[in-house]
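Participant: Contents of structure_20.cif (mmCIF, C-alpha atoms) are given next:
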```
data_run
loop_
_atom_site.label_atom_id
_atom_site.label_comp_id
_atom_site.auth_asym_id
_atom_site.auth_seq_id
_atom_site.Cartn_x
_atom_site.Cartn_y
_atom_site.Cartn_z
CA MET A 1 -9.44 36.75 6.65
CA ILE A 2 -11.26 33.53 5.87
CA PHE A 3 -11.33 31.36 8.99
CA ARG A 4 -13.15 28.10 9.57
CA GLN A 5 -13.09 25.92 12.69
CA LEU A 6 -13.90 22.32 11.78
CA PHE A 7 -14.66 19.51 14.22
CA ASP A 8 -14.18 15.74 14.21
CA SER A 9 -16.56 14.37 16.82
CA VAL A 10 -14.92 10.92 16.98
CA SER A 11 -11.55 12.21 18.22
CA GLY A 12 -12.68 15.59 19.56
CA THR A 13 -10.25 17.28 17.17
CA TYR A 14 -10.48 20.84 15.88
CA SER A 15 -8.97 21.62 12.49
CA TYR A 16 -8.56 25.17 11.21
CA LEU A 17 -8.71 26.46 7.64
CA LEU A 18 -7.19 29.90 7.04
CA ALA A 19 -6.79 32.17 4.03
CA SER A 20 -6.44 35.90 3.53
CA ARG A 21 -9.03 36.14 0.76
CA ARG A 22 -11.33 34.23 -1.57
CA GLY A 23 -9.41 32.89 -4.54
CA GLY A 24 -6.19 32.85 -2.53
CA GLU A 25 -3.82 30.47 -0.87
CA ALA A 26 -5.00 28.54 2.20
CA LEU A 27 -3.50 26.44 4.96
CA ILE A 28 -5.07 23.92 7.29
CA ILE A 29 -3.94 23.12 10.83
CA ASP A 30 -4.36 19.63 12.38
CA PRO A 31 -6.41 17.90 9.67
CA VAL A 32 -8.04 14.52 10.38
CA LEU A 33 -7.84 11.80 7.71
CA GLU A 34 -11.54 10.92 7.78
CA LYS A 35 -12.50 14.58 7.16
CA VAL A 36 -10.30 15.18 4.11
CA ASP A 37 -13.24 15.06 1.67
CA ARG A 38 -15.05 17.70 3.72
CA TYR A 39 -11.98 19.95 3.84
CA LEU A 40 -11.52 19.76 0.09
CA GLN A 41 -15.22 20.43 -0.51
CA LEU A 42 -14.93 23.57 1.63
CA VAL A 43 -11.72 24.66 -0.09
CA ASN A 44 -13.52 24.34 -3.41
CA GLU A 45 -16.64 26.16 -2.19
CA LEU A 46 -14.56 29.07 -0.91
CA ASP A 47 -12.52 29.17 -4.14
CA LEU A 48 -9.26 28.57 -2.26
CA ARG A 49 -6.02 26.79 -3.15
CA LEU A 50 -4.67 24.64 -0.33
CA VAL A 51 -0.89 25.14 -0.24
CA LYS A 52 0.09 23.99 3.27
CA ALA A 53 -1.16 21.32 5.70
CA VAL A 54 0.23 21.64 9.21
CA ASP A 55 0.25 19.45 12.32
CA THR A 56 0.94 21.06 15.69
CA HIS A 57 2.47 17.77 16.88
CA LEU A 58 2.45 14.01 16.23
CA HIS A 59 -1.09 13.05 17.18
CA ALA A 60 -1.94 9.93 19.18
CA ASP A 61 -5.74 10.00 18.96
CA HIS A 62 -6.36 10.21 15.21
CA ILE A 63 -4.59 9.61 11.90
CA THR A 64 -3.46 12.85 10.35
CA GLY A 65 -4.82 14.09 7.03
CA LEU A 66 -1.44 15.51 5.99
CA GLY A 67 -0.48 12.76 3.57
CA ALA A 68 -3.91 12.49 1.95
CA LEU A 69 -4.14 16.25 1.47
CA ARG A 70 -0.66 16.32 -0.07
CA ASP A 71 -1.54 13.49 -2.44
CA ARG A 72 -4.77 15.14 -3.56
CA THR A 73 -3.70 18.81 -3.72
CA HIS A 74 0.14 18.69 -3.95
CA CYS A 75 0.27 20.95 -0.90
CA VAL A 76 3.32 21.24 1.34
CA THR A 77 3.21 19.24 4.58
CA VAL A 78 4.56 21.06 7.64
CA MET A 79 5.60 20.08 11.18
CA GLY A 80 8.18 21.12 13.74
CA GLU A 81 11.79 20.11 13.28
CA GLN A 82 11.65 17.70 16.26
CA THR A 83 8.98 15.51 14.66
CA LYS A 84 9.51 11.76 14.43
CA ALA A 85 7.50 11.62 11.19
CA ASP A 86 9.53 10.08 8.39
CA VAL A 87 9.19 12.89 5.85
CA VAL A 88 7.35 16.19 5.93
CA SER A 89 8.02 18.75 3.22
CA MET A 90 8.91 21.56 5.59
CA ARG A 91 10.13 21.52 9.18
CA LEU A 92 9.74 24.63 11.29
CA ALA A 93 11.72 25.90 14.28
CA ASP A 94 11.03 28.34 17.09
CA GLY A 95 11.00 31.90 15.74
CA ASP A 96 10.11 30.95 12.16
CA LYS A 97 7.15 32.30 10.22
CA LEU A 98 4.50 30.00 8.78
CA GLY A 99 3.43 31.92 5.72
CA ILE A 100 0.95 31.85 2.88
CA GLU A 101 -0.21 34.69 0.66
CA GLY A 102 -1.46 37.48 2.94
CA LEU A 103 -0.91 35.66 6.25
CA ALA A 104 2.15 35.03 8.42
CA LEU A 105 1.89 33.07 11.68
CA ASP A 106 4.64 33.27 14.30
CA VAL A 107 6.01 29.84 15.16
CA ILE A 108 6.73 29.07 18.81
CA TYR A 109 8.09 25.80 20.16
CA THR A 110 5.86 24.71 23.05
CA PRO A 111 6.97 21.22 24.15
CA GLY A 112 5.54 19.34 27.10
CA HIS A 113 2.53 17.46 25.78
CA THR A 114 4.97 15.93 23.28
CA ASP A 115 8.54 16.86 22.45
CA ASP A 116 7.48 18.11 18.99
CA SER A 117 4.61 20.41 20.01
CA TYR A 118 4.32 23.83 18.38
CA SER A 119 1.90 26.73 18.58
CA PHE A 120 1.12 29.25 15.84
CA VAL A 121 0.31 32.88 16.54
CA LEU A 122 -1.59 35.57 14.65
CA PRO A 123 -2.04 39.06 16.12
CA ASP A 124 -5.45 38.23 17.61
CA ARG A 125 -5.32 34.43 18.11
CA VAL A 126 -3.11 31.46 18.87
CA PHE A 127 -3.41 27.84 17.76
CA THR A 128 -2.12 25.93 20.76
CA GLY A 129 -2.36 22.31 19.64
CA ASP A 130 -2.60 20.20 22.82
CA THR A 131 -0.26 22.38 24.86
CA LEU A 132 -2.98 24.65 26.27
CA LEU A 133 -6.59 23.52 26.12
CA ILE A 134 -9.77 25.30 27.19
CA ARG A 135 -9.86 24.91 30.98
CA GLY A 136 -7.19 22.23 30.75
CA THR A 137 -3.75 21.33 29.43
CA GLY A 138 -2.51 18.43 27.33
CA ARG A 139 -1.40 15.29 29.16
CA THR A 140 2.37 14.83 29.49
CA ASP A 141 2.75 11.09 30.10
CA PHE A 142 3.74 9.75 26.65
CA GLN A 143 5.64 10.67 23.45
CA ASN A 144 8.46 12.23 25.49
CA GLY A 145 6.04 14.53 27.26
CA ASP A 146 7.43 16.55 30.14
CA PRO A 147 5.33 18.53 32.65
CA ARG A 148 8.24 20.88 33.45
CA GLN A 149 8.66 21.71 29.79
CA GLN A 150 4.92 22.20 29.47
CA TYR A 151 4.85 24.56 32.45
CA GLU A 152 7.53 26.69 30.77
CA SER A 153 5.73 26.54 27.42
CA ILE A 154 2.50 27.75 29.02
CA PHE A 155 3.70 30.19 31.67
CA GLY A 156 6.86 31.31 29.89
CA ARG A 157 5.49 31.61 26.36
CA LEU A 158 1.73 31.34 25.81
CA LEU A 159 0.53 33.26 28.88
CA LYS A 160 2.87 36.12 27.91
CA LEU A 161 0.59 36.83 24.94
CA PRO A 162 -1.98 39.65 25.41
CA ASP A 163 -4.96 38.66 27.57
CA GLU A 164 -7.40 39.28 24.71
CA THR A 165 -5.63 36.78 22.43
CA MET A 166 -8.11 34.08 21.40
CA ILE A 167 -7.09 30.46 22.03
CA PHE A 168 -7.98 27.81 19.46
CA PRO A 169 -6.82 24.36 20.68
CA ALA A 170 -6.51 21.09 18.77
CA HIS A 171 -9.03 19.31 21.00
CA ASP A 172 -12.00 19.82 23.22
CA TYR A 173 -14.25 17.20 24.76
CA LYS A 174 -16.90 19.43 26.39
CA GLY A 175 -18.12 21.45 23.43
CA GLU A 176 -16.03 24.57 24.08
CA THR A 177 -14.82 26.21 20.87
CA VAL A 178 -12.67 29.20 21.85
CA SER A 179 -11.23 30.93 24.89
CA THR A 180 -8.74 33.72 25.57
CA ILE A 181 -5.41 33.96 27.33
CA GLY A 182 -7.02 36.12 30.04
CA GLU A 183 -9.83 33.63 30.63
CA GLU A 184 -7.45 30.72 30.97
CA LYS A 185 -5.23 32.64 33.40
CA ALA A 186 -8.28 33.27 35.56
CA PHE A 187 -10.32 30.09 35.23
CA ASN A 188 -8.19 27.19 34.01
CA PRO A 189 -7.83 24.98 37.12
CA ARG A 190 -4.46 23.58 35.95
CA LEU A 191 -3.01 27.09 35.89
CA GLN A 192 -3.95 28.06 39.44
CA VAL A 193 -0.62 26.78 40.78
CA LYS A 194 2.04 28.58 42.77
CA SER A 195 5.06 26.72 41.41
CA VAL A 196 6.35 24.45 38.70
CA ASP A 197 6.60 21.62 41.25
CA GLU A 198 2.90 21.94 42.04
CA TYR A 199 2.09 21.77 38.32
CA VAL A 200 4.34 18.73 37.84
CA ASN A 201 2.64 16.98 40.75
CA ILE A 202 -0.81 17.55 39.19
CA MET A 203 0.27 16.31 35.77
CA ASN A 204 2.08 13.25 37.13
CA ASN A 205 -1.01 12.08 38.99
CA LEU A 206 -3.73 12.30 36.32
CA ASN A 207 -3.72 8.51 35.79
CA LEU A 208 -5.38 8.73 32.39
CA ALA A 209 -5.99 5.76 30.11
CA ASN A 210 -4.08 5.78 26.82
CA PRO A 211 -5.95 7.24 23.81
CA LYS A 212 -7.98 4.49 22.13
CA MET A 213 -6.30 5.08 18.77
CA MET A 214 -2.77 5.46 20.13
CA ASP A 215 -1.36 2.11 18.95
CA VAL A 216 -2.68 2.75 15.45
CA ALA A 217 -2.36 6.52 15.12
CA VAL A 218 1.21 7.04 16.30
CA PRO A 219 2.83 4.51 13.92
CA ALA A 220 0.64 5.73 11.04
CA ASN A 221 1.48 9.37 11.73
CA MET A 222 5.19 8.56 11.71
CA ARG A 223 4.89 7.29 8.13
CA VAL A 224 3.30 10.11 6.17
CA GLY A 225 6.10 10.80 3.67
CA LEU A 226 5.61 10.74 -0.08
CA HIS A 227 6.99 7.51 -1.55
CA GLN A 228 9.94 8.97 -3.45
CA ASP A 229 10.79 5.47 -4.65
CA ASP A 230 7.97 5.82 -7.17
CA ILE A 231 9.76 8.76 -8.79
CA ALA A 232 13.09 6.95 -8.62
CA SER A 233 11.64 3.85 -10.31
CA ARG A 234 10.81 6.01 -13.35
CA GLY A 235 14.42 7.17 -13.59
CA TRP A 236 13.60 10.68 -12.46
CA ALA A 237 15.75 10.78 -9.30
CA VAL A 238 19.45 11.07 -8.55
CA SER A 239 21.08 10.37 -5.22
CA ALA A 240 22.91 13.11 -3.38
CA GLU A 241 26.19 11.37 -4.24
CA GLN A 242 25.27 11.35 -7.94
CA ALA A 243 24.23 14.99 -7.73
CA LEU A 244 27.69 15.95 -6.52
CA ALA A 245 29.02 15.09 -9.97
CA LEU A 246 26.27 17.05 -11.75
CA VAL A 247 26.47 20.36 -9.91
CA GLY A 248 28.35 22.96 -11.91
CA ARG A 249 27.93 21.22 -15.26
CA PRO A 250 26.78 23.60 -18.02
CA ASP A 251 24.02 21.22 -19.13
CA VAL A 252 22.39 21.07 -15.66
CA ALA A 253 20.20 23.76 -14.07
CA LEU A 254 19.81 23.30 -10.33
CA ILE A 255 16.44 24.52 -9.02
CA ASP A 256 15.93 25.25 -5.29
CA LEU A 257 12.22 24.90 -4.42
CA ARG A 258 12.48 25.90 -0.75
CA GLU A 259 11.24 29.10 0.85
CA GLN A 260 13.69 31.90 1.59
CA SER A 261 13.68 31.25 5.34
CA GLU A 262 14.76 27.64 4.74
CA ARG A 263 17.59 28.77 2.47
CA GLU A 264 18.83 31.25 5.05
CA ARG A 265 18.88 28.67 7.84
CA HIS A 266 20.17 25.58 6.07
CA GLY A 267 22.23 26.99 3.21
CA VAL A 268 22.11 26.77 -0.58
CA ILE A 269 23.78 24.45 -3.08
CA PRO A 270 26.11 26.79 -5.00
CA GLY A 271 24.80 27.90 -8.38
CA ALA A 272 21.15 27.02 -7.70
CA ILE A 273 18.30 29.09 -9.08
CA HIS A 274 15.68 29.95 -6.44
CA LEU A 275 12.14 29.26 -7.66
CA PRO A 276 9.84 28.49 -4.69
CA TYR A 277 7.54 25.49 -4.96
CA ALA A 278 4.49 27.75 -4.56
CA ARG A 279 5.27 29.22 -8.00
CA LEU A 280 5.99 25.89 -9.69
CA GLN A 281 2.92 25.73 -11.92
CA GLU A 282 3.45 29.15 -13.49
CA ASN A 283 7.12 28.30 -14.10
CA ILE A 284 6.57 24.94 -15.82
CA MET A 285 3.70 25.97 -18.07
CA ALA A 286 4.29 27.21 -21.63
CA GLY A 287 5.90 30.64 -21.37
CA GLY A 288 7.10 29.99 -17.83
CA MET A 289 10.75 30.30 -16.92
CA LEU A 290 11.47 26.58 -16.42
CA HIS A 291 9.51 25.56 -19.51
CA GLU A 292 11.46 28.00 -21.67
CA LEU A 293 14.77 27.10 -20.01
CA ALA A 294 14.31 23.41 -20.76
CA LYS A 295 13.02 24.08 -24.27
CA SER A 296 15.65 26.61 -25.41
CA THR A 297 18.79 25.24 -23.74
CA ALA A 298 18.13 21.49 -23.44
CA LYS A 299 19.44 21.71 -19.88
CA GLN A 300 18.51 19.00 -17.42
CA LEU A 301 16.38 20.52 -14.64
CA LEU A 302 17.52 19.18 -11.28
CA PHE A 303 15.06 20.10 -8.51
CA TYR A 304 15.79 19.96 -4.82
CA CYS A 305 14.03 20.93 -1.58
CA ALA A 306 14.45 20.11 2.11
CA PHE A 307 13.74 16.36 2.19
CA GLY A 308 12.79 15.50 -1.38
CA GLU A 309 9.01 15.64 -1.09
CA ARG A 310 8.37 18.94 -2.87
CA SER A 311 10.99 18.15 -5.50
CA ALA A 312 9.45 14.73 -6.19
CA MET A 313 6.06 16.38 -6.74
CA ALA A 314 7.75 19.02 -8.92
CA VAL A 315 9.36 16.36 -11.12
CA GLN A 316 6.02 14.64 -11.64
CA ALA A 317 4.35 17.95 -12.50
CA ALA A 318 7.14 18.90 -14.90
CA GLN A 319 7.05 15.51 -16.61
CA ASP A 320 3.27 15.81 -16.91
CA VAL A 321 3.64 18.99 -19.00
CA GLY A 322 6.32 17.49 -21.21
CA ILE A 323 9.56 18.60 -19.51
CA SER A 324 11.23 15.22 -19.92
CA SER A 325 14.61 16.39 -18.59
CA ALA A 326 13.27 17.03 -15.06
CA ARG A 327 14.95 15.13 -12.23
CA HIS A 328 15.32 15.66 -8.49
CA ILE A 329 17.78 15.02 -5.69
CA GLN A 330 16.24 12.23 -3.64
CA GLY A 331 16.18 13.14 0.05
CA GLY A 332 16.79 16.83 -0.66
CA ILE A 333 19.23 19.08 1.13
CA ASP A 334 19.13 16.70 4.10
CA ALA A 335 20.67 13.93 1.98
CA TRP A 336 23.03 16.43 0.31
CA ARG A 337 24.39 17.51 3.69
CA LYS A 338 24.87 13.88 4.77
CA ALA A 339 26.84 13.31 1.55
CA SER A 340 29.12 16.26 2.52
CA GLY A 341 27.88 18.33 -0.41
CA PRO A 342 29.03 21.97 -0.40
CA LEU A 343 26.65 24.62 0.91
CA SER A 344 26.85 28.39 0.81
CA HIS A 345 25.13 30.70 3.29
#
```
Please re-express this file's structure in structure tokens.
Facilitator:
Amino acid sequence: MIFRQLFDSVSGTYSYLLASRRGGEALIIDPVLEKVDRYLQLVNELDLRLVKAVDTHLHADHITGLGALRDRTHCVTVMGEQTKADVVSMRLADGDKLGIEGLALDVIYTPGHTDDSYSFVLPDRVFTGDTLLIRGTGRTDFQNGDPRQQYESIFGRLLKLPDETMIFPAHDYKGETVSTIGEEKAFNPRLQVKSVDEYVNIMNNLNLANPKMMDVAVPANMRVGLHQDDIASRGWAVSAEQALALVGRPDVALIDLREQSERERHGVIPGAIHLPYARLQENIMAGGMLHELAKSTAKQLLFYCAFGERSAMAVQAAQDVGISSARHIQGGIDAWRKASGPLSH
């Protein structure tokens, strides 16, 4: 496995680049906006293709690199389903898998620092965001934080992992880079408590100043969505209500860009062809399935995804290679459901 721990000294943030092999797909966890050029340089040097950018939670101390990475690489942005961000391409829930080629991370919901905090687990390591830090835990006094929830996330979920599991947090301010579950059980002063009430008392009396960037970072990180209006202004979008009249027509091919786990949880628009976004380029190039479908049948290609971000990027990519019939459902399956569109499971 290719694994790089990257540090932003201004905010004390760790970002993590993972891939299973050189030349393969990669994902990055908790990217910082100011470091995007460095991430992309490293991706290029390691001959990787960035396909997913993930935030463990809505950050208050730096502006996320999710939107910039999406704009520059067309990667999928990922957060937990509780996030207050306007649009992310994919929203995960407890028990999901966060997957790229050759790697699958277990997704566990670990609220407490914020109400949208998640951790991601590989067999030998866990990315804990700000839930569990090295010799500390994330504060619980803003963004719907809750010390009782955090106690359960730590003691009921994270500390149940094997003692040798390495911990890679989203922040450190003392120069520590990695710990283990066993170490934190033994030496983390916040965890040497005899009850949840004792933990709550500690967390409620930290009296910390707000993060310096909080008033800037939180609003910015809630507005990271791709501007789908740009695609609509070119006439390449249909509303969910308009799509209702198109589904089932012989001159329309409906293309579902979501991953299989999303289809299983949220349902499928009847009659849709499943072609995951990760395989888009091979499908729209000459000889690819979508290219040949559009060329030989003159069907309109109508893309959709979860919230419209992947499908908007797909429309642009298809138009760029000459598939002029490509359109997408603005707002994705989320808008379709709100319009009472039929779904099959």
Participant: Which residue, A:Val196, A:Leu66, A:Leu122, A:Met90, has the smallest gap to Met222 of chain A when you use all atoms listed in the file?
Facilitator: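 The shortest atom-to-atom distance to Met222 of chain A comes from A:Leu66.
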Participant: Evaluating the PyMOL selection byres ((chain A and resi 7) around 12) on the displayed file yields which residues, as a VMD selection string?
Facilitator: chain A and resid 4 to 6 8 to 17 29 to 32 34 to 36 38 to 39 168 to 173 175 to 177
Participant: So the first atom is atom CA of Val200 of chain A and the second is atom CA of Gly156 of chain A; what is the distance between them in Å, to one decimal place?
Facilitator: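 Computing it gives 15.1 Å between the two atoms.
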Participant: Quick one: residues within 10 Å of Ala278 of chain A, all atoms listed in the file, excluding same-chain residues fewer than 5 positions away - as a list in words?
Facilitator: Glu25, Val51, Lys52, Cys75, Val76, Ile100, Glu101, Leu257, Arg258, Glu259, Asn283 and Arg310 of chain A
Participant: Go ahead and write the selection's residues with C-alpha atoms as a CSV table (one decimal), in the frame of the given file.
Facilitator:
```
chain,number,residue,atom,x,y,z
A,25,GLU,CA,-3.8,30.5,-0.9
A,51,VAL,CA,-0.9,25.1,-0.2
A,52,LYS,CA,0.1,24.0,3.3
A,75,CYS,CA,0.3,21.0,-0.9
A,76,VAL,CA,3.3,21.2,1.3
A,100,ILE,CA,1.0,31.8,2.9
A,101,GLU,CA,-0.2,34.7,0.7
A,257,LEU,CA,12.2,24.9,-4.4
A,258,ARG,CA,12.5,25.9,-0.8
A,259,GLU,CA,11.2,29.1,0.8
A,283,ASN,CA,7.1,28.3,-14.1
A,310,ARG,CA,8.4,18.9,-2.9
```
Participant: What lies within 6 Å of Gly145 of chain A using all atoms listed in the file, ignoring chain neighbours under 5 positions off, as a compact mmCIF listing (two decimals) with C-alpha atoms, in the frame of the given file?
Facilitator:
```
# COMPACT_ATOMS: atom_id res chain seq x y z
CA GLY A 112 5.54 19.34 27.10
CA HIS A 113 2.53 17.46 25.78
CA THR A 114 4.97 15.93 23.28
CA ASP A 115 8.54 16.86 22.45
CA THR A 140 2.37 14.83 29.49
```
Participant: I want to know what sits within 7 Å of Met166 of chain A, based on all atoms listed in the file, with residues of the same chain fewer than 3 positions away left out; could you give that as number ranges by chain?
Facilitator: A: 124-126, 178-181
Participant: Add whatever atoms are absent from segment 202-226 of chain A to reach N, CA and C atoms, and provide the output as a PDB file, keeping the file's coordinate frame.
Facilitator:
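Okay, this is what ended up in selection.pdb:
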```pdb
ATOM      1  N   ILE A 202       0.532  17.736  39.771  1.00  0.00           N
ATOM      2  CA  ILE A 202      -0.810  17.550  39.190  1.00  0.00           C
ATOM      3  C   ILE A 202      -0.726  16.661  37.952  1.00  0.00           C
ATOM      4  N   MET A 203       0.191  17.008  37.041  1.00  0.00           N
ATOM      5  CA  MET A 203       0.270  16.310  35.770  1.00  0.00           C
ATOM      6  C   MET A 203       0.735  14.857  35.927  1.00  0.00           C
ATOM      7  N   ASN A 204       1.572  14.604  36.923  1.00  0.00           N
ATOM      8  CA  ASN A 204       2.080  13.250  37.130  1.00  0.00           C
ATOM      9  C   ASN A 204       1.082  12.336  37.830  1.00  0.00           C
ATOM     10  N   ASN A 205      -0.035  12.886  38.255  1.00  0.00           N
ATOM     11  CA  ASN A 205      -1.010  12.080  38.990  1.00  0.00           C
ATOM     12  C   ASN A 205      -2.393  12.102  38.344  1.00  0.00           C
ATOM     13  N   LEU A 206      -2.438  12.300  37.020  1.00  0.00           N
ATOM     14  CA  LEU A 206      -3.730  12.300  36.320  1.00  0.00           C
ATOM     15  C   LEU A 206      -4.261  10.894  36.111  1.00  0.00           C
ATOM     16  N   ASN A 207      -3.344   9.927  35.954  1.00  0.00           N
ATOM     17  CA  ASN A 207      -3.720   8.510  35.790  1.00  0.00           C
ATOM     18  C   ASN A 207      -4.762   8.300  34.696  1.00  0.00           C
ATOM     19  N   LEU A 208      -4.472   8.836  33.519  1.00  0.00           N
ATOM     20  CA  LEU A 208      -5.380   8.730  32.390  1.00  0.00           C
ATOM     21  C   LEU A 208      -5.110   7.457  31.593  1.00  0.00           C
ATOM     22  N   ALA A 209      -6.163   6.885  31.031  1.00  0.00           N
ATOM     23  CA  ALA A 209      -5.990   5.760  30.110  1.00  0.00           C
ATOM     24  C   ALA A 209      -5.374   6.261  28.812  1.00  0.00           C
ATOM     25  N   ASN A 210      -4.643   5.395  28.107  1.00  0.00           N
ATOM     26  CA  ASN A 210      -4.080   5.780  26.820  1.00  0.00           C
ATOM     27  C   ASN A 210      -5.193   6.077  25.819  1.00  0.00           C
ATOM     28  N   PRO A 211      -4.954   7.001  24.868  1.00  0.00           N
ATOM     29  CA  PRO A 211      -5.950   7.240  23.810  1.00  0.00           C
ATOM     30  C   PRO A 211      -6.267   5.933  23.085  1.00  0.00           C
ATOM     31  N   LYS A 212      -7.546   5.744  22.741  1.00  0.00           N
ATOM     32  CA  LYS A 212      -7.980   4.490  22.130  1.00  0.00           C
ATOM     33  C   LYS A 212      -7.244   4.198  20.822  1.00  0.00           C
ATOM     34  N   MET A 213      -6.919   5.259  20.086  1.00  0.00           N
ATOM     35  CA  MET A 213      -6.300   5.080  18.770  1.00  0.00           C
ATOM     36  C   MET A 213      -4.780   5.085  18.818  1.00  0.00           C
ATOM     37  N   MET A 214      -4.207   5.199  20.011  1.00  0.00           N
ATOM     38  CA  MET A 214      -2.770   5.460  20.130  1.00  0.00           C
ATOM     39  C   MET A 214      -1.910   4.448  19.384  1.00  0.00           C
ATOM     40  N   ASP A 215      -2.207   3.152  19.552  1.00  0.00           N
ATOM     41  CA  ASP A 215      -1.360   2.110  18.950  1.00  0.00           C
ATOM     42  C   ASP A 215      -1.458   2.096  17.432  1.00  0.00           C
ATOM     43  N   VAL A 216      -2.517   2.660  16.899  1.00  0.00           N
ATOM     44  CA  VAL A 216      -2.680   2.750  15.450  1.00  0.00           C
ATOM     45  C   VAL A 216      -2.205   4.094  14.936  1.00  0.00           C
ATOM     46  N   ALA A 217      -2.608   5.174  15.619  1.00  0.00           N
ATOM     47  CA  ALA A 217      -2.360   6.520  15.120  1.00  0.00           C
ATOM     48  C   ALA A 217      -0.891   6.896  15.128  1.00  0.00           C
ATOM     49  N   VAL A 218      -0.183   6.602  16.216  1.00  0.00           N
ATOM     50  CA  VAL A 218       1.210   7.040  16.300  1.00  0.00           C
ATOM     51  C   VAL A 218       2.072   6.413  15.203  1.00  0.00           C
ATOM     52  N   PRO A 219       2.042   5.075  15.018  1.00  0.00           N
ATOM     53  CA  PRO A 219       2.830   4.510  13.920  1.00  0.00           C
ATOM     54  C   PRO A 219       2.425   5.054  12.546  1.00  0.00           C
ATOM     55  N   ALA A 220       1.105   5.217  12.333  1.00  0.00           N
ATOM     56  CA  ALA A 220       0.640   5.730  11.040  1.00  0.00           C
ATOM     57  C   ALA A 220       1.117   7.150  10.814  1.00  0.00           C
ATOM     58  N   ASN A 221       1.095   7.972  11.861  1.00  0.00           N
ATOM     59  CA  ASN A 221       1.480   9.370  11.730  1.00  0.00           C
ATOM     60  C   ASN A 221       2.984   9.565  11.621  1.00  0.00           C
ATOM     61  N   MET A 222       3.746   8.503  11.913  1.00  0.00           N
ATOM     62  CA  MET A 222       5.190   8.560  11.710  1.00  0.00           C
ATOM     63  C   MET A 222       5.577   8.163  10.289  1.00  0.00           C
ATOM     64  N   ARG A 223       4.603   7.710   9.507  1.00  0.00           N
ATOM     65  CA  ARG A 223       4.890   7.290   8.130  1.00  0.00           C
ATOM     66  C   ARG A 223       3.950   8.022   7.174  1.00  0.00           C
ATOM     67  N   VAL A 224       4.164   9.297   7.031  1.00  0.00           N
ATOM     68  CA  VAL A 224       3.300  10.110   6.170  1.00  0.00           C
ATOM     69  C   VAL A 224       4.017  10.584   4.917  1.00  0.00           C
ATOM     70  N   GLY A 225       5.310  10.265   4.780  1.00  0.00           N
ATOM     71  CA  GLY A 225       6.100  10.800   3.670  1.00  0.00           C
ATOM     72  C   GLY A 225       5.669  10.275   2.308  1.00  0.00           C
ATOM     73  N   LEU A 226       5.842  11.138   1.305  1.00  0.00           N
ATOM     74  CA  LEU A 226       5.610  10.740  -0.080  1.00  0.00           C
ATOM     75  C   LEU A 226       6.597   9.627  -0.444  1.00  0.00           C
TER      76      LEU A 226
END
```
